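Only one structure is covered here, and it is reproduced in the block below.
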Amino acid sequence: MENLDLNLIVAIDALMRHRSVTDAAAEMCISQSALSSALKRARAHFGDEILFYNGQNMVPTAFGSALEAEVRELIVPLRMLSRRRAQEDISLLNRRFTIIASDYVAAVYVSELCRHLARVAPDVSISVVPFTEDAMQRFHRGAIDFLIGPTFAMEESFEPHDLFRDTFACVLSRDNPLAERMTEEDFFAAPQVVTEFFLDDGRSHFERWLVERNRPVKIVASLPSFVVLPHYIAGTENVATIHNRLVPHFAGNPNLVFVKPPVPIPPLIEHLVSNRRNRHDTDAMRLRDIMLEVGRGLVTQTSM
């Protein structure tokens, strides 16, 4: 082992993931020639080409494919080891953590987490990544630290912790006649604006509830973000069902009103999942505990 430069493992990991010297070098913040040199030294150490060009594509050798799986398992604990310091004071921690979360969670929870961290761990930064298939693959590989998602996004292999709950409100244009009184029949007959979740069939908690009730509705717009939703409500007959914790974020719009749904919608539970490799990462586990504490401390948003 004394003859193996561990930086070569980092280089092999980047090359295996990107299959490109250019992209892997950019990720590692080194020149292409430096990365090519690292690959040459790795080839000399292992006695194999590891990766070679097949036309325009960079592909692993048979040995390289076997090495790829082992490198993937090694790289995360090696990075954790490199970050270890002989101190347990969270206030001294200087590190960035990555979290998969929806824009809703980023608005109502991660913003509060960052305010809390500014007081107790000012050198800790949070990077929020949206729900995508690529992000989920990176989470499973150990490249993303945490995932915050609803119950339907939880997988069997996850060990989720309840983070916070939320209920729902309907948002309508102030000049919509239904703003004065909306019956159950009115609710299901109204044109609806919904948001997509980007996983599986894209249905949100609300849409899944509609399917369970076998109550089809007319969806006039399906949006990738709650941020743009008010633009699809004001001056229209559209109705959107949003989380109660989002109401304060929209309440400043004088063209919108918020009413209690005329039918009971099950509350949403958001869960926190740590990457399974984080169980060996003391700093990540301390941040997890802080995240759970912030979740417990969220002020309960009163239902409409």
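Identifiers in this document derive from the order of the structure tokens: chains are assigned A, B, ..., residues are numbered from 1 separately in each chain, and ligands are numbered from 1 in order of occurrence.
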Legend entry - Filtered DSSP result for stretch 162-198 of chain A, state helix (DSSP H, G or I), as a list in words: Pro177, Leu178, Ala179, Glu184, Glu185, Asp186, Phe187, Phe188 and Ala189 of chain A
Legend entry - Residue neighbourhood stretch 62-64 of chain A, 8 Å, only C-alpha atoms, exclusion window fewer than 6 positions, as a ChimeraX atom specification: /A:48-51
List as a Markdown table every residue of stretch 123-182 of chain A that is in contact with stretch 235-256 of chain A, defined as an atom at most 10 Å from one of its atoms (using only C-alpha atoms), together with the nearest atom pair and the distance in Å rounded to one decimal, sorted by chain and then rising number.
```
| residue | atom | partner | partner_atom | distance |
| --- | --- | --- | --- | --- |
| A:Arg165 | CA | A:Arg245 | CA | 9.5 |
| A:Asp166 | CA | A:His243 | CA | 6.3 |
| A:Thr167 | CA | A:Asn244 | CA | 5.5 |
| A:Phe168 | CA | A:His243 | CA | 4.5 |
| A:Ala169 | CA | A:Ile242 | CA | 5.5 |
| A:Cys170 | CA | A:Thr241 | CA | 4.4 |
| A:Val171 | CA | A:Ala240 | CA | 5.4 |
| A:Leu172 | CA | A:Val239 | CA | 5.3 |
| A:Ser173 | CA | A:Leu256 | CA | 4.7 |
| A:Arg174 | CA | A:Leu256 | CA | 5.0 |
| A:Asp175 | CA | A:Gly235 | CA | 7.0 |
| A:Asn176 | CA | A:Glu237 | CA | 5.8 |
| A:Pro177 | CA | A:Glu237 | CA | 8.4 |
| A:Leu178 | CA | A:Glu237 | CA | 8.4 |
| A:Ala179 | CA | A:Leu256 | CA | 9.3 |
```
Legend entry - Contact residues around A:Phe131 with only C-alpha atoms at 7 Å, ignoring same-chain residues under 4 positions, as an NGL selection string: :A and (100-102 or 135 or 198)
Using N, CA, C and O atoms, can you write the selected residues to a file as a short mmCIF file (atom, residue, chain, number, x, y, z; two decimals), in the first residue's frame?
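So part.cif came out as:
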```cif
data_model
loop_
_atom_site.label_atom_id
_atom_site.label_comp_id
_atom_site.auth_asym_id
_atom_site.auth_seq_id
_atom_site.Cartn_x
_atom_site.Cartn_y
_atom_site.Cartn_z
N ILE A 100 -30.83 16.71 -0.82
CA ILE A 100 -31.88 16.64 -1.84
C ILE A 100 -33.18 17.11 -1.19
O ILE A 100 -33.58 16.58 -0.14
N ALA A 101 -33.83 18.11 -1.79
CA ALA A 101 -35.07 18.64 -1.23
C ALA A 101 -35.85 19.35 -2.32
O ALA A 101 -35.27 19.88 -3.27
N SER A 102 -37.17 19.38 -2.17
CA SER A 102 -38.02 20.13 -3.09
C SER A 102 -37.90 21.62 -2.80
O SER A 102 -37.38 22.03 -1.76
N ALA A 135 -29.75 12.87 -9.11
CA ALA A 135 -29.49 13.18 -7.70
C ALA A 135 -29.70 11.96 -6.83
O ALA A 135 -28.92 11.71 -5.89
N PHE A 198 -41.05 15.15 -9.93
CA PHE A 198 -39.86 14.76 -10.69
C PHE A 198 -39.42 13.31 -10.48
O PHE A 198 -38.40 12.91 -11.01
#
```
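Comparing the minimum interatomic distances between A:Val59 and each of A:Phe97, A:His18, A:Leu74, A:Ile90, counting only C-alpha atoms, we find that A:His18 sits nearest.
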Legend entry - A:Glu207 surroundings by only C-alpha atoms, 12 Å radius, close-in-sequence under 2 positions cut, as JSON, numbers by chain: {"A": [152, 192, 193, 194, 195, 196, 197, 201, 202, 203, 204, 205, 209, 210, 211, 212, 213, 214, 215, 216, 217, 218, 219, 222, 240, 241, 242, 265, 266]}
Inset, instruction - DSSP on the backbone, then: every residue of stretch 198-259 of chain A marked strand (DSSP E or B), written as a PyMOL selection string. - result: chain A and resi 219-223+239-243+256-259
Legend entry - Within 12 Å of A:Thr61 using only C-alpha atoms, minus same-chain residues under 4 positions, as a list in words: Met16, Arg43, Gly47, Asp48, Glu49, Ile50, Leu51, Phe52, Tyr53, Asn54, Ser65, Ala66, Leu67 and Glu68 of chain A
Written selection (all heavy atoms) as a compact mmCIF listing (two decimals), in the first residue's frame:
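See selection.txt below for the written result:
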```
# COMPACT_ATOMS: atom_id res chain seq x y z
N MET A 16 -14.04 7.20 -13.88
CA MET A 16 -15.07 6.18 -14.06
C MET A 16 -16.46 6.80 -14.13
O MET A 16 -17.32 6.35 -14.89
CB MET A 16 -15.01 5.18 -12.90
CG MET A 16 -13.82 4.23 -12.95
SD MET A 16 -13.89 3.14 -14.37
CE MET A 16 -12.43 2.12 -14.10
N ARG A 43 -2.16 3.13 -14.14
CA ARG A 43 -1.98 1.98 -15.04
C ARG A 43 -0.70 1.23 -14.70
O ARG A 43 -0.67 -0.01 -14.68
CB ARG A 43 -1.95 2.47 -16.48
CG ARG A 43 -3.30 2.89 -17.03
CD ARG A 43 -3.15 3.65 -18.34
NE ARG A 43 -4.44 3.84 -19.01
CZ ARG A 43 -4.62 4.69 -20.02
NH1 ARG A 43 -3.59 5.42 -20.47
NH2 ARG A 43 -5.81 4.81 -20.58
N GLY A 47 -0.94 -2.44 -13.45
CA GLY A 47 -0.58 -3.31 -14.56
C GLY A 47 -1.71 -3.55 -15.51
O GLY A 47 -1.84 -4.65 -16.08
N ASP A 48 -2.55 -2.52 -15.71
CA ASP A 48 -3.71 -2.65 -16.60
C ASP A 48 -4.03 -1.27 -17.16
O ASP A 48 -3.76 -0.25 -16.53
CB ASP A 48 -4.92 -3.20 -15.83
CG ASP A 48 -6.09 -3.52 -16.74
OD1 ASP A 48 -6.10 -4.62 -17.33
OD2 ASP A 48 -6.98 -2.66 -16.88
N GLU A 49 -4.66 -1.25 -18.35
CA GLU A 49 -5.03 0.03 -18.96
C GLU A 49 -6.12 0.76 -18.16
O GLU A 49 -6.25 1.97 -18.22
CB GLU A 49 -5.52 -0.19 -20.39
CG GLU A 49 -4.42 -0.42 -21.39
CD GLU A 49 -3.56 0.82 -21.57
OE1 GLU A 49 -4.04 1.82 -22.11
OE2 GLU A 49 -2.39 0.77 -21.14
N ILE A 50 -6.94 0.03 -17.45
CA ILE A 50 -8.04 0.54 -16.61
C ILE A 50 -9.13 1.18 -17.47
O ILE A 50 -10.28 0.79 -17.42
CB ILE A 50 -7.55 1.52 -15.54
CG1 ILE A 50 -6.49 0.85 -14.65
CG2 ILE A 50 -8.72 2.02 -14.68
CD1 ILE A 50 -5.88 1.77 -13.60
N LEU A 51 -8.80 2.21 -18.24
CA LEU A 51 -9.73 2.86 -19.16
C LEU A 51 -9.02 3.06 -20.49
O LEU A 51 -7.82 3.34 -20.53
CB LEU A 51 -10.18 4.22 -18.61
CG LEU A 51 -11.16 4.21 -17.43
CD1 LEU A 51 -10.93 5.41 -16.54
CD2 LEU A 51 -12.60 4.19 -17.94
N PHE A 52 -9.79 2.92 -21.58
CA PHE A 52 -9.20 3.16 -22.90
C PHE A 52 -10.26 3.78 -23.81
O PHE A 52 -11.46 3.73 -23.52
CB PHE A 52 -8.67 1.85 -23.51
CG PHE A 52 -9.75 0.84 -23.84
CD1 PHE A 52 -10.28 0.75 -25.12
CD2 PHE A 52 -10.24 -0.01 -22.85
CE1 PHE A 52 -11.26 -0.17 -25.42
CE2 PHE A 52 -11.24 -0.94 -23.14
CZ PHE A 52 -11.74 -1.01 -24.43
N TYR A 53 -9.80 4.38 -24.89
CA TYR A 53 -10.73 5.00 -25.84
C TYR A 53 -11.18 3.98 -26.88
O TYR A 53 -10.36 3.34 -27.55
CB TYR A 53 -10.07 6.20 -26.54
CG TYR A 53 -10.10 7.45 -25.70
CD1 TYR A 53 -8.97 7.85 -24.99
CD2 TYR A 53 -11.26 8.22 -25.61
CE1 TYR A 53 -8.99 9.00 -24.21
CE2 TYR A 53 -11.28 9.37 -24.84
CZ TYR A 53 -10.15 9.75 -24.13
OH TYR A 53 -10.19 10.89 -23.35
N ASN A 54 -12.50 3.86 -26.98
CA ASN A 54 -13.12 3.03 -28.01
C ASN A 54 -13.84 3.99 -28.96
O ASN A 54 -15.00 4.31 -28.77
CB ASN A 54 -14.09 2.03 -27.39
CG ASN A 54 -14.69 1.09 -28.42
OD1 ASN A 54 -14.28 1.09 -29.57
ND2 ASN A 54 -15.67 0.29 -28.01
N SER A 65 -13.50 -2.37 -14.79
CA SER A 65 -14.89 -2.49 -14.31
C SER A 65 -14.93 -3.06 -12.90
O SER A 65 -15.72 -2.62 -12.06
CB SER A 65 -15.69 -3.39 -15.26
OG SER A 65 -15.82 -2.78 -16.52
N ALA A 66 -14.08 -4.06 -12.63
CA ALA A 66 -14.02 -4.63 -11.27
C ALA A 66 -13.47 -3.60 -10.30
O ALA A 66 -13.93 -3.48 -9.16
CB ALA A 66 -13.16 -5.88 -11.28
N LEU A 67 -12.49 -2.82 -10.76
CA LEU A 67 -11.87 -1.81 -9.90
C LEU A 67 -12.86 -0.70 -9.59
O LEU A 67 -12.86 -0.14 -8.48
CB LEU A 67 -10.64 -1.24 -10.61
CG LEU A 67 -9.67 -0.40 -9.78
CD1 LEU A 67 -9.06 -1.23 -8.67
CD2 LEU A 67 -8.59 0.18 -10.69
N GLU A 68 -13.74 -0.39 -10.54
CA GLU A 68 -14.70 0.71 -10.37
C GLU A 68 -15.57 0.50 -9.13
O GLU A 68 -15.79 1.41 -8.33
CB GLU A 68 -15.59 0.83 -11.61
CG GLU A 68 -16.63 1.93 -11.51
CD GLU A 68 -17.49 2.04 -12.76
OE1 GLU A 68 -17.42 1.11 -13.61
OE2 GLU A 68 -18.21 3.03 -12.88
```
Legend entry - Separation of atom CA of A:Thr282 from atom CA of A:Glu112 in Å: 22.6 Å
Inset, instruction - Could you please determine the separation between atom CA of A:Ser125 and atom CA of A:Tyr109 in Å, to one decimal place? - result: 14.7 Å
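The neighbours of A:Arg279 here are the residues that come within 12 Å of it, using only C-alpha atoms and leaving out any residue fewer than 2 positions away in the same chain; they are Val76, Pro77, Met80, Gly142, Asp145, Phe146, Glu159, Val273, Ser274, Asn275, Arg276, Arg277, Asp281, Thr282, Asp283, Ala284, Met285, Arg286, Leu287 and Arg288 of chain A.
For the pair atom CA of A:Glu70 and atom CA of A:Ala38, the interatomic distance is 18.2 Å.
The residue that comes closest to A:Arg72, out of A:Arg17, A:His116, A:Lys40, A:Arg181 and on the basis of only C-alpha atoms, is A:Arg17.
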Inset, instruction - Pick out the closest residue to A:Val257 from this set: A:Pro122, A:Glu180, A:Arg296, A:Val220. Count only C-alpha atoms. - result: A:Glu180
